[in-house]
Amino acid sequence: MALVQIPKKLLPSDGRFGSGPSKVPHAALEALAGSAVIGTSHRQAPVRELVGSVRAQMRELFSLPDDYEVVLGVGGSTAFFDAATFGLVRERSQHLAFGEFGAKFAKAVAGAPFLDEPTVLRSEPGTHPDPVAEEGIDAYAWAHNETSTGVMAPVRRVDGAADDALVLIDGTSAAGATPLDVTQSDVYYFAPQKALASDAGLWFALMSPAAVARVEEIAASGRWIPAFFDLTLALENSRKDQTHNTPPVASLFWTDHQLRWLLDNGGLPWSVARCEDSSSRLYGWAEQSDYATPFVSDPGKQSSTVVTIDLEGVEAAAVSAALRENGILDVDGYRGLGRNQLRIATFPAIDPDDVSQLVRCIDHVVEKLSVEKLGVEKLGVEKRGVDHPAE
Ligand SMILES: *Cc1c(COP(=O)(O)O)cnc(C)c1O
């Protein structure tokens, strides 16, 4: 018996609100079951056609200029941090670290013995710093959307930067869900298990001619680059609609499926509007609520795909545990941030009406927990441990 039983009429149709891995729609799961592509060679036509379809649909979704390329490889965004360390930073980079992921990339670069110490700009959690043109910097890097904090940063060229300095943007939890002028970046890369409703294990990179030239320049310099992280190999293989080593084919399939769904519904503008609708239902509620507040206070920096909400007077872990018992999953705050917070994904695959239902469920749970707490206080006994809910 659950500690708090949420009435059926309040429950969302799908309880997956995690920020990654994220909800893969049931239609996509069923489509995979009906497909003959899993368990077949990635060097044969069916899988290569799948890769070709993903690349073509990304070109369309992101309105890619003709001279930009869609490159892909195995290993996810974290692997791409290393690929970029080996193959895109010439000597010295600047990183914006306003959460877990930007900091991780900075750390990868800082550890590379063939690169100079990077500049790392930080800011208070819940905000973001801006890039600053700096002498000797050949790559500027930040996340479009910091999945750990729910802060969104603009994608734009750095005023005063050297002409050949690259802009490297991690779009993992933003790609296909937020407005993007891809020409403001040289590499816009992402893994598909967040905003793109797929599973993990792949990275995609939308690369400008300047980025391709940098890859070629560094490869020609004789720098040692392990094959797994070698962007020249990734480029060569991508142009043939394949990957250097075996890709997770289901992830390719679901990425393709989601891209088609987005394009059929109206493409990026439709997707952007849907995420803004979903996220504003949460921000609007939190602003009205007497126990919830948006963690990111500047509306201009509030993510439309990962919403972080601070709670007061009620334990977020208890709320999340009670929701979990009712099939509403993964709304816990990011561990590293250590706040009394809920983090809720509002990716395109998540139905805005389910977000409204989630809000009703949170209110219900908080009310029940508060009543229980009051009752417990009156009786003078200790509150039951909510981290280990009763069976
Ligand atoms: C999840 C995430 C990553 C890491 O992705 P993996 O595929 O797990 O390596 C990197 N950057 C951002 C912004 C993310 O949200």
# chains A, B, ... in the order shown; residues from 1 in each chain; ligands from 1
$ residues_near_ligand --ligand "ligand 1" --cutoff "7 Å" --atoms "only C-alpha atoms and all ligand atoms" --output "list in words"
Gly20, Gly75, Gly76, Ser77, Thr78, Ala79, Phe101, Ala143, Asn145, Glu146, Thr147, Asp170, Gly171, Thr172, Ser173, Ala191, Lys194, Ala200, Gly201 and Leu202 of chain A
$ write_last_selection --atoms "N, CA, C and O atoms" --output "PDB file, in the first residue's frame"
ATOM      1  N   GLY A  20      16.736  12.297 -18.406  1.00  0.00           N
ATOM      2  CA  GLY A  20      17.622  11.513 -19.256  1.00  0.00           C
ATOM      3  C   GLY A  20      18.224  10.342 -18.527  1.00  0.00           C
ATOM      4  O   GLY A  20      18.806  10.558 -17.487  1.00  0.00           O
ATOM      5  N   GLY A  75      29.002   6.471 -28.485  1.00  0.00           N
ATOM      6  CA  GLY A  75      29.539   6.818 -27.167  1.00  0.00           C
ATOM      7  C   GLY A  75      28.838   7.948 -26.434  1.00  0.00           C
ATOM      8  O   GLY A  75      29.132   8.192 -25.281  1.00  0.00           O
ATOM      9  N   GLY A  76      27.914   8.653 -27.060  1.00  0.00           N
ATOM     10  CA  GLY A  76      27.191   9.704 -26.341  1.00  0.00           C
ATOM     11  C   GLY A  76      27.979  10.999 -26.221  1.00  0.00           C
ATOM     12  O   GLY A  76      29.111  11.115 -26.699  1.00  0.00           O
ATOM     13  N   SER A  77      27.369  11.970 -25.555  1.00  0.00           N
ATOM     14  CA  SER A  77      27.972  13.303 -25.464  1.00  0.00           C
ATOM     15  C   SER A  77      29.278  13.300 -24.684  1.00  0.00           C
ATOM     16  O   SER A  77      30.187  14.082 -24.983  1.00  0.00           O
ATOM     17  N   THR A  78      29.379  12.452 -23.681  1.00  0.00           N
ATOM     18  CA  THR A  78      30.618  12.402 -22.892  1.00  0.00           C
ATOM     19  C   THR A  78      31.781  11.948 -23.771  1.00  0.00           C
ATOM     20  O   THR A  78      32.900  12.469 -23.661  1.00  0.00           O
ATOM     21  N   ALA A  79      31.519  10.993 -24.648  1.00  0.00           N
ATOM     22  CA  ALA A  79      32.555  10.572 -25.592  1.00  0.00           C
ATOM     23  C   ALA A  79      32.903  11.726 -26.525  1.00  0.00           C
ATOM     24  O   ALA A  79      34.068  11.895 -26.912  1.00  0.00           O
ATOM     25  N   PHE A 101      27.627  19.432 -16.834  1.00  0.00           N
ATOM     26  CA  PHE A 101      28.130  18.966 -18.115  1.00  0.00           C
ATOM     27  C   PHE A 101      29.183  19.895 -18.711  1.00  0.00           C
ATOM     28  O   PHE A 101      30.203  19.428 -19.220  1.00  0.00           O
ATOM     29  N   ALA A 143      27.138  24.719 -22.786  1.00  0.00           N
ATOM     30  CA  ALA A 143      25.927  23.934 -23.023  1.00  0.00           C
ATOM     31  C   ALA A 143      24.779  24.881 -23.356  1.00  0.00           C
ATOM     32  O   ALA A 143      24.633  25.933 -22.729  1.00  0.00           O
ATOM     33  N   ASN A 145      21.718  24.036 -22.926  1.00  0.00           N
ATOM     34  CA  ASN A 145      20.814  23.838 -21.800  1.00  0.00           C
ATOM     35  C   ASN A 145      21.533  22.968 -20.772  1.00  0.00           C
ATOM     36  O   ASN A 145      21.922  21.849 -21.089  1.00  0.00           O
ATOM     37  N   GLU A 146      21.750  23.504 -19.573  1.00  0.00           N
ATOM     38  CA  GLU A 146      22.415  22.717 -18.529  1.00  0.00           C
ATOM     39  C   GLU A 146      21.365  21.812 -17.884  1.00  0.00           C
ATOM     40  O   GLU A 146      20.535  22.274 -17.099  1.00  0.00           O
ATOM     41  N   THR A 147      21.431  20.558 -18.213  1.00  0.00           N
ATOM     42  CA  THR A 147      20.431  19.600 -17.752  1.00  0.00           C
ATOM     43  C   THR A 147      20.452  19.451 -16.236  1.00  0.00           C
ATOM     44  O   THR A 147      19.446  19.083 -15.635  1.00  0.00           O
ATOM     45  N   ASP A 170      27.044  22.201 -26.611  1.00  0.00           N
ATOM     46  CA  ASP A 170      26.444  20.936 -26.173  1.00  0.00           C
ATOM     47  C   ASP A 170      24.922  21.135 -26.136  1.00  0.00           C
ATOM     48  O   ASP A 170      24.396  21.826 -25.273  1.00  0.00           O
ATOM     49  N   GLY A 171      24.239  20.525 -27.093  1.00  0.00           N
ATOM     50  CA  GLY A 171      22.782  20.710 -27.182  1.00  0.00           C
ATOM     51  C   GLY A 171      22.004  19.490 -26.727  1.00  0.00           C
ATOM     52  O   GLY A 171      20.837  19.316 -27.126  1.00  0.00           O
ATOM     53  N   THR A 172      22.612  18.671 -25.873  1.00  0.00           N
ATOM     54  CA  THR A 172      22.017  17.367 -25.561  1.00  0.00           C
ATOM     55  C   THR A 172      20.568  17.444 -25.078  1.00  0.00           C
ATOM     56  O   THR A 172      19.735  16.655 -25.513  1.00  0.00           O
ATOM     57  N   SER A 173      20.253  18.381 -24.180  1.00  0.00           N
ATOM     58  CA  SER A 173      18.874  18.429 -23.679  1.00  0.00           C
ATOM     59  C   SER A 173      18.090  19.584 -24.293  1.00  0.00           C
ATOM     60  O   SER A 173      17.055  20.008 -23.766  1.00  0.00           O
ATOM     61  N   ALA A 191      23.534  14.001 -27.611  1.00  0.00           N
ATOM     62  CA  ALA A 191      23.141  12.596 -27.556  1.00  0.00           C
ATOM     63  C   ALA A 191      21.614  12.584 -27.646  1.00  0.00           C
ATOM     64  O   ALA A 191      20.963  13.555 -27.268  1.00  0.00           O
ATOM     65  N   LYS A 194      17.765  12.440 -24.596  1.00  0.00           N
ATOM     66  CA  LYS A 194      17.097  13.461 -23.791  1.00  0.00           C
ATOM     67  C   LYS A 194      16.007  14.129 -24.622  1.00  0.00           C
ATOM     68  O   LYS A 194      14.932  13.584 -24.765  1.00  0.00           O
ATOM     69  N   ALA A 200      20.365   5.871 -25.383  1.00  0.00           N
ATOM     70  CA  ALA A 200      21.706   6.442 -25.329  1.00  0.00           C
ATOM     71  C   ALA A 200      22.697   5.750 -26.260  1.00  0.00           C
ATOM     72  O   ALA A 200      22.350   4.855 -27.014  1.00  0.00           O
ATOM     73  N   GLY A 201      23.953   6.213 -26.193  1.00  0.00           N
ATOM     74  CA  GLY A 201      25.055   5.523 -26.849  1.00  0.00           C
ATOM     75  C   GLY A 201      25.525   6.116 -28.158  1.00  0.00           C
ATOM     76  O   GLY A 201      26.440   5.593 -28.783  1.00  0.00           O
ATOM     77  N   LEU A 202      24.917   7.217 -28.578  1.00  0.00           N
ATOM     78  CA  LEU A 202      25.320   7.883 -29.822  1.00  0.00           C
ATOM     79  C   LEU A 202      25.591   9.360 -29.558  1.00  0.00           C
ATOM     80  O   LEU A 202      25.020   9.942 -28.640  1.00  0.00           O
TER      81      LEU A 202
END
$ closest_atom_pairs --of "segment 277-380 of chain A" --to "segment 3-18 of chain A" --cutoff "12 Å" --atoms "only C-alpha atoms" --output "JSON lines"
{"residue": "A:Ser278", "atom": "CA", "partner": "A:Phe17", "partner_atom": "CA", "distance": 11.6}
{"residue": "A:Ser279", "atom": "CA", "partner": "A:Phe17", "partner_atom": "CA", "distance": 12.0}
{"residue": "A:Thr305", "atom": "CA", "partner": "A:Phe17", "partner_atom": "CA", "distance": 10.6}
{"residue": "A:Val306", "atom": "CA", "partner": "A:Gly18", "partner_atom": "CA", "distance": 9.1}
{"residue": "A:Val307", "atom": "CA", "partner": "A:Phe17", "partner_atom": "CA", "distance": 10.4}
{"residue": "A:Thr308", "atom": "CA", "partner": "A:Gly18", "partner_atom": "CA", "distance": 11.8}
{"residue": "A:Ala318", "atom": "CA", "partner": "A:Leu3", "partner_atom": "CA", "distance": 10.1}
{"residue": "A:Val319", "atom": "CA", "partner": "A:Val4", "partner_atom": "CA", "distance": 9.6}
{"residue": "A:Ser320", "atom": "CA", "partner": "A:Phe17", "partner_atom": "CA", "distance": 11.2}
{"residue": "A:Ala321", "atom": "CA", "partner": "A:Leu3", "partner_atom": "CA", "distance": 9.3}
{"residue": "A:Ala322", "atom": "CA", "partner": "A:Val4", "partner_atom": "CA", "distance": 6.1}
{"residue": "A:Leu323", "atom": "CA", "partner": "A:Ile6", "partner_atom": "CA", "distance": 8.2}
{"residue": "A:Arg324", "atom": "CA", "partner": "A:Gly15", "partner_atom": "CA", "distance": 8.7}
{"residue": "A:Glu325", "atom": "CA", "partner": "A:Leu3", "partner_atom": "CA", "distance": 8.0}
{"residue": "A:Asn326", "atom": "CA", "partner": "A:Ile6", "partner_atom": "CA", "distance": 6.6}
{"residue": "A:Gly327", "atom": "CA", "partner": "A:Gly15", "partner_atom": "CA", "distance": 5.7}
{"residue": "A:Ile328", "atom": "CA", "partner": "A:Gly15", "partner_atom": "CA", "distance": 4.2}
{"residue": "A:Leu329", "atom": "CA", "partner": "A:Arg16", "partner_atom": "CA", "distance": 5.3}
{"residue": "A:Asp330", "atom": "CA", "partner": "A:Gly18", "partner_atom": "CA", "distance": 4.5}
{"residue": "A:Val331", "atom": "CA", "partner": "A:Gly18", "partner_atom": "CA", "distance": 5.9}
{"residue": "A:Asp332", "atom": "CA", "partner": "A:Gly18", "partner_atom": "CA", "distance": 8.3}
{"residue": "A:Gly333", "atom": "CA", "partner": "A:Gly18", "partner_atom": "CA", "distance": 10.0}
{"residue": "A:Tyr334", "atom": "CA", "partner": "A:Gly18", "partner_atom": "CA", "distance": 10.7}
{"residue": "A:Leu342", "atom": "CA", "partner": "A:Gly18", "partner_atom": "CA", "distance": 10.5}
{"residue": "A:Arg343", "atom": "CA", "partner": "A:Gly18", "partner_atom": "CA", "distance": 7.9}
{"residue": "A:Ile344", "atom": "CA", "partner": "A:Phe17", "partner_atom": "CA", "distance": 5.7}
{"residue": "A:Ala345", "atom": "CA", "partner": "A:Phe17", "partner_atom": "CA", "distance": 5.2}
{"residue": "A:Thr346", "atom": "CA", "partner": "A:Phe17", "partner_atom": "CA", "distance": 7.3}
{"residue": "A:Phe347", "atom": "CA", "partner": "A:Phe17", "partner_atom": "CA", "distance": 8.7}
{"residue": "A:Pro348", "atom": "CA", "partner": "A:Phe17", "partner_atom": "CA", "distance": 11.3}
{"residue": "A:Ala349", "atom": "CA", "partner": "A:Phe17", "partner_atom": "CA", "distance": 9.9}
{"residue": "A:Ile350", "atom": "CA", "partner": "A:Phe17", "partner_atom": "CA", "distance": 7.5}
{"residue": "A:Asp351", "atom": "CA", "partner": "A:Asp14", "partner_atom": "CA", "distance": 8.5}
{"residue": "A:Pro352", "atom": "CA", "partner": "A:Pro12", "partner_atom": "CA", "distance": 9.9}
{"residue": "A:Asp353", "atom": "CA", "partner": "A:Pro12", "partner_atom": "CA", "distance": 7.7}
{"residue": "A:Asp354", "atom": "CA", "partner": "A:Pro12", "partner_atom": "CA", "distance": 4.6}
{"residue": "A:Val355", "atom": "CA", "partner": "A:Pro12", "partner_atom": "CA", "distance": 7.4}
{"residue": "A:Ser356", "atom": "CA", "partner": "A:Pro12", "partner_atom": "CA", "distance": 8.1}
{"residue": "A:Gln357", "atom": "CA", "partner": "A:Pro12", "partner_atom": "CA", "distance": 5.2}
{"residue": "A:Leu358", "atom": "CA", "partner": "A:Pro12", "partner_atom": "CA", "distance": 6.2}
{"residue": "A:Val359", "atom": "CA", "partner": "A:Leu10", "partner_atom": "CA", "distance": 9.1}
{"residue": "A:Arg360", "atom": "CA", "partner": "A:Leu10", "partner_atom": "CA", "distance": 6.3}
{"residue": "A:Cys361", "atom": "CA", "partner": "A:Leu10", "partner_atom": "CA", "distance": 6.1}
{"residue": "A:Ile362", "atom": "CA", "partner": "A:Ile6", "partner_atom": "CA", "distance": 9.4}
{"residue": "A:Asp363", "atom": "CA", "partner": "A:Leu10", "partner_atom": "CA", "distance": 10.3}
{"residue": "A:His364", "atom": "CA", "partner": "A:Ile6", "partner_atom": "CA", "distance": 7.1}
{"residue": "A:Val365", "atom": "CA", "partner": "A:Val4", "partner_atom": "CA", "distance": 6.6}
{"residue": "A:Val366", "atom": "CA", "partner": "A:Val4", "partner_atom": "CA", "distance": 9.6}
{"residue": "A:Glu367", "atom": "CA", "partner": "A:Val4", "partner_atom": "CA", "distance": 10.0}
{"residue": "A:Lys368", "atom": "CA", "partner": "A:Val4", "partner_atom": "CA", "distance": 6.8}
{"residue": "A:Leu369", "atom": "CA", "partner": "A:Val4", "partner_atom": "CA", "distance": 7.8}
{"residue": "A:Ser370", "atom": "CA", "partner": "A:Val4", "partner_atom": "CA", "distance": 11.3}
{"residue": "A:Val371", "atom": "CA", "partner": "A:Val4", "partner_atom": "CA", "distance": 11.1}
{"residue": "A:Glu372", "atom": "CA", "partner": "A:Val4", "partner_atom": "CA", "distance": 9.8}
$ closest_residue --among "A:Gln44, A:Gln341, A:Ser297, A:Thr149" --to "Gly313 of chain A" --atoms "only C-alpha atoms"
A:Gln341
$ residues_around --residues "Asp67 of chain A" --least-positions-apart "4" --cutoff "10 Å" --atoms "only C-alpha atoms" --output "NGL selection string"
:A and (207-210)
$ write_last_selection --atoms "N, CA and C atoms" --output "short mmCIF file (atom, residue, chain, number, x, y, z; two decimals), in the first residue's frame"
data_model
loop_
_atom_site.label_atom_id
_atom_site.label_comp_id
_atom_site.auth_asym_id
_atom_site.auth_seq_id
_atom_site.Cartn_x
_atom_site.Cartn_y
_atom_site.Cartn_z
N MET A 207 28.17 20.09 -37.99
CA MET A 207 29.49 20.73 -38.09
C MET A 207 29.60 21.70 -39.26
N SER A 208 30.15 22.89 -38.96
CA SER A 208 30.36 23.91 -39.99
C SER A 208 31.62 23.58 -40.79
N PRO A 209 31.78 24.23 -41.95
CA PRO A 209 33.02 24.01 -42.72
C PRO A 209 34.27 24.36 -41.89
N ALA A 210 34.17 25.39 -41.05
CA ALA A 210 35.33 25.76 -40.21
C ALA A 210 35.67 24.64 -39.24
#
$ select_by_dssp --residues "segment 62-173 of chain A" --states "strand (DSSP E or B)" --output "PyMOL selection string"
chain A and resi 69-74+93-97+119-122+139-143+145-146+151-152+166-170
$ write_last_selection --atoms "C-alpha atoms" --output "mmCIF file, in the first residue's frame"
data_model
loop_
_atom_site.group_PDB
_atom_site.id
_atom_site.type_symbol
_atom_site.label_atom_id
_atom_site.label_comp_id
_atom_site.auth_asym_id
_atom_site.auth_seq_id
_atom_site.Cartn_x
_atom_site.Cartn_y
_atom_site.Cartn_z
ATOM 1 C CA GLU A 69 27.494 18.294 -42.148
ATOM 2 C CA VAL A 70 25.667 15.860 -39.881
ATOM 3 C CA VAL A 71 28.328 13.691 -38.256
ATOM 4 C CA LEU A 72 27.691 10.850 -35.825
ATOM 5 C CA GLY A 73 29.598 8.402 -33.688
ATOM 6 C CA VAL A 74 29.267 5.952 -30.848
ATOM 7 C CA SER A 93 39.711 26.737 -25.102
ATOM 8 C CA GLN A 94 37.291 28.706 -22.965
ATOM 9 C CA HIS A 95 34.466 26.900 -21.169
ATOM 10 C CA LEU A 96 31.346 28.104 -19.430
ATOM 11 C CA ALA A 97 30.759 25.873 -16.437
ATOM 12 C CA THR A 119 39.857 29.222 -19.186
ATOM 13 C CA VAL A 120 36.815 28.167 -17.173
ATOM 14 C CA LEU A 121 34.178 30.795 -16.403
ATOM 15 C CA ARG A 122 31.700 29.952 -13.655
ATOM 16 C CA ALA A 139 37.401 27.280 -29.176
ATOM 17 C CA TYR A 140 34.565 28.555 -26.947
ATOM 18 C CA ALA A 141 32.389 25.885 -25.387
ATOM 19 C CA TRP A 142 29.184 25.808 -23.396
ATOM 20 C CA ALA A 143 25.927 23.934 -23.023
ATOM 21 C CA ASN A 145 20.814 23.838 -21.800
ATOM 22 C CA GLU A 146 22.415 22.717 -18.529
ATOM 23 C CA VAL A 151 19.521 26.923 -17.086
ATOM 24 C CA MET A 152 19.359 27.798 -20.766
ATOM 25 C CA LEU A 166 35.160 27.788 -33.034
ATOM 26 C CA VAL A 167 31.911 27.799 -31.044
ATOM 27 C CA LEU A 168 31.195 24.314 -29.632
ATOM 28 C CA ILE A 169 27.709 23.878 -28.191
ATOM 29 C CA ASP A 170 26.444 20.936 -26.173
#
$ residues_around --residues "segment 223-227 of chain A" --least-positions-apart "5" --cutoff "12 Å" --atoms "only C-alpha atoms" --output "MDAnalysis selection string"
chainID A and resid 73:74 79 82:91 112:115 215:218 232:234 243:245
$ write_last_selection --atoms "N, CA, C and O atoms" --output "tab-separated table (two decimals), in the first residue's frame"
chain	number	residue	atom	x	y	z
A	73	GLY	N	28.67	9.41	-34.19
A	73	GLY	CA	29.60	8.40	-33.69
A	73	GLY	C	29.01	7.73	-32.45
A	73	GLY	O	27.95	8.12	-31.95
A	74	VAL	N	29.73	6.76	-31.97
A	74	VAL	CA	29.27	5.95	-30.85
A	74	VAL	C	29.83	6.51	-29.53
A	74	VAL	O	30.95	6.98	-29.48
A	79	ALA	N	31.52	10.99	-24.65
A	79	ALA	CA	32.55	10.57	-25.59
A	79	ALA	C	32.90	11.73	-26.52
A	79	ALA	O	34.07	11.90	-26.91
A	82	ASP	N	35.54	14.07	-25.27
A	82	ASP	CA	36.90	13.59	-25.53
A	82	ASP	C	37.27	13.73	-27.00
A	82	ASP	O	38.39	14.10	-27.33
A	83	ALA	N	36.32	13.43	-27.89
A	83	ALA	CA	36.58	13.58	-29.32
A	83	ALA	C	36.94	15.03	-29.63
A	83	ALA	O	37.85	15.31	-30.41
A	84	ALA	N	36.23	15.96	-29.00
A	84	ALA	CA	36.48	17.39	-29.23
A	84	ALA	C	37.82	17.80	-28.63
A	84	ALA	O	38.54	18.64	-29.19
A	85	THR	N	38.16	17.21	-27.48
A	85	THR	CA	39.45	17.48	-26.86
A	85	THR	C	40.57	17.07	-27.81
A	85	THR	O	41.53	17.80	-28.03
A	86	PHE	N	40.42	15.90	-28.41
A	86	PHE	CA	41.44	15.41	-29.34
A	86	PHE	C	41.41	16.14	-30.69
A	86	PHE	O	42.45	16.42	-31.26
A	87	GLY	N	40.21	16.44	-31.17
A	87	GLY	CA	40.12	16.82	-32.58
A	87	GLY	C	39.59	18.20	-32.91
A	87	GLY	O	39.53	18.56	-34.08
A	88	LEU	N	39.21	19.00	-31.89
A	88	LEU	CA	38.66	20.32	-32.22
A	88	LEU	C	39.39	21.48	-31.53
A	88	LEU	O	39.41	22.59	-32.04
A	89	VAL	N	39.95	21.22	-30.34
A	89	VAL	CA	40.68	22.28	-29.64
A	89	VAL	C	42.13	22.28	-30.15
A	89	VAL	O	42.82	21.27	-30.05
A	90	ARG	N	42.55	23.39	-30.72
A	90	ARG	CA	43.91	23.45	-31.27
A	90	ARG	C	44.93	23.60	-30.13
A	90	ARG	O	45.87	22.84	-30.04
A	91	GLU	N	44.69	24.62	-29.26
A	91	GLU	CA	45.65	24.87	-28.19
A	91	GLU	C	44.98	25.23	-26.88
A	91	GLU	O	45.31	24.73	-25.83
A	112	ALA	N	44.19	17.16	-20.77
A	112	ALA	CA	44.91	16.77	-21.99
A	112	ALA	C	46.32	17.35	-21.98
A	112	ALA	O	46.49	18.56	-21.94
A	113	PRO	N	47.34	16.48	-22.03
A	113	PRO	CA	48.72	16.98	-21.93
A	113	PRO	C	49.17	17.79	-23.14
A	113	PRO	O	50.13	18.55	-23.04
A	114	PHE	N	48.46	17.68	-24.26
A	114	PHE	CA	48.88	18.39	-25.48
A	114	PHE	C	48.17	19.75	-25.62
A	114	PHE	O	48.37	20.44	-26.61
A	115	LEU	N	47.32	20.11	-24.63
A	115	LEU	CA	46.62	21.40	-24.71
A	115	LEU	C	47.03	22.30	-23.55
A	115	LEU	O	47.44	21.82	-22.49
A	215	VAL	N	39.24	20.00	-37.81
A	215	VAL	CA	39.47	18.55	-37.64
A	215	VAL	C	40.61	18.10	-38.56
A	215	VAL	O	41.53	17.39	-38.14
A	216	GLU	N	40.55	18.55	-39.80
A	216	GLU	CA	41.59	18.15	-40.78
A	216	GLU	C	42.95	18.73	-40.41
A	216	GLU	O	43.97	18.05	-40.52
A	217	GLU	N	42.94	19.98	-39.96
A	217	GLU	CA	44.20	20.64	-39.58
A	217	GLU	C	44.87	19.89	-38.42
A	217	GLU	O	46.08	19.61	-38.47
A	218	ILE	N	44.09	19.54	-37.41
A	218	ILE	CA	44.68	18.86	-36.24
A	218	ILE	C	45.14	17.46	-36.61
A	218	ILE	O	46.22	17.02	-36.21
A	232	THR	N	38.15	12.56	-37.85
A	232	THR	CA	38.30	12.34	-39.30
A	232	THR	C	37.65	11.01	-39.68
A	232	THR	O	36.98	10.92	-40.72
A	233	LEU	N	37.81	10.01	-38.84
A	233	LEU	CA	37.14	8.72	-39.10
A	233	LEU	C	35.63	8.87	-39.01
A	233	LEU	O	34.88	8.30	-39.81
A	234	ALA	N	35.18	9.64	-38.03
A	234	ALA	CA	33.73	9.86	-37.89
A	234	ALA	C	33.17	10.56	-39.11
A	234	ALA	O	32.10	10.20	-39.62
A	243	THR	N	28.95	4.19	-39.10
A	243	THR	CA	29.78	4.60	-37.98
A	243	THR	C	31.04	3.74	-37.95
A	243	THR	O	31.06	2.65	-38.52
A	244	HIS	N	32.09	4.26	-37.29
A	244	HIS	CA	33.37	3.55	-37.25
A	244	HIS	C	33.22	2.17	-36.60
A	244	HIS	O	33.77	1.19	-37.05
A	245	ASN	N	32.46	2.12	-35.51
A	245	ASN	CA	32.18	0.82	-34.88
A	245	ASN	C	30.68	0.65	-34.73
A	245	ASN	O	29.90	1.54	-35.08
$ residues_around --residues "Gly338 of chain A" --least-positions-apart "6" --cutoff "12 Å" --atoms "only C-alpha atoms" --output "list of chain:residue names"
A:Pro125, A:Ser148, A:Thr149, A:Asp310, A:Ala316, A:Ala317, A:Asp332
$ write_last_selection --atoms "N, CA and C atoms" --output "compact mmCIF listing (two decimals), in the first residue's frame"
# COMPACT_ATOMS: atom_id res chain seq x y z
N PRO A 125 25.03 28.86 -9.21
CA PRO A 125 24.07 27.88 -9.72
C PRO A 125 22.71 28.56 -10.00
N SER A 148 21.59 19.74 -15.62
CA SER A 148 21.68 19.55 -14.17
C SER A 148 20.98 20.67 -13.40
N THR A 149 20.90 21.87 -13.98
CA THR A 149 20.33 23.00 -13.24
C THR A 149 19.08 23.60 -13.88
N ASP A 310 12.37 24.65 -6.69
CA ASP A 310 12.74 24.53 -5.28
C ASP A 310 11.48 24.39 -4.43
N ALA A 316 11.62 17.49 -0.75
CA ALA A 316 11.49 17.09 -2.16
C ALA A 316 11.66 15.58 -2.32
N ALA A 317 12.57 15.00 -1.53
CA ALA A 317 12.81 13.55 -1.64
C ALA A 317 11.55 12.77 -1.26
N ASP A 332 13.37 13.69 -9.37
CA ASP A 332 14.32 14.11 -8.34
C ASP A 332 15.25 15.20 -8.89
$ closest_residue --among "A:Ala161, A:Leu282, A:Leu268, A:Met58" --to "Tyr189 of chain A" --atoms "only C-alpha atoms"
A:Met58
$ closest_residue --among "A:Gly99, A:His144, A:Leu196, A:Asn237" --to "Arg335 of chain A" --atoms "only C-alpha atoms"
A:Gly99
$ select_by_dssp --residues "segment 112-348 of chain A" --states "alpha helix (DSSP H)" --output "ChimeraX atom specification"
/A:209-220,231-239,249-265,267-288,316-325
$ closest_residue --among "A:Val24, A:Val212, A:Leu259, A:Ala177" --to "Glu236 of chain A" --atoms "only C-alpha atoms"
A:Val212
$ atom_distance --atom1 "atom CA of Ser123 of chain A" --atom2 "atom CA of Ala153 of chain A"
12.3 Å
$ residues_around --residues "Leu29 of chain A" --least-positions-apart "3" --cutoff "10 Å" --atoms "only C-alpha atoms" --output "number ranges by chain"
A: 24-26, 32-34, 198, 250, 253-254, 257
$ residues_around --residues "segment 62-64 of chain A" --least-positions-apart "6" --cutoff "9 Å" --atoms "only C-alpha atoms" --output "ChimeraX atom specification"
/A:70,175-176,180-183,206,267-268
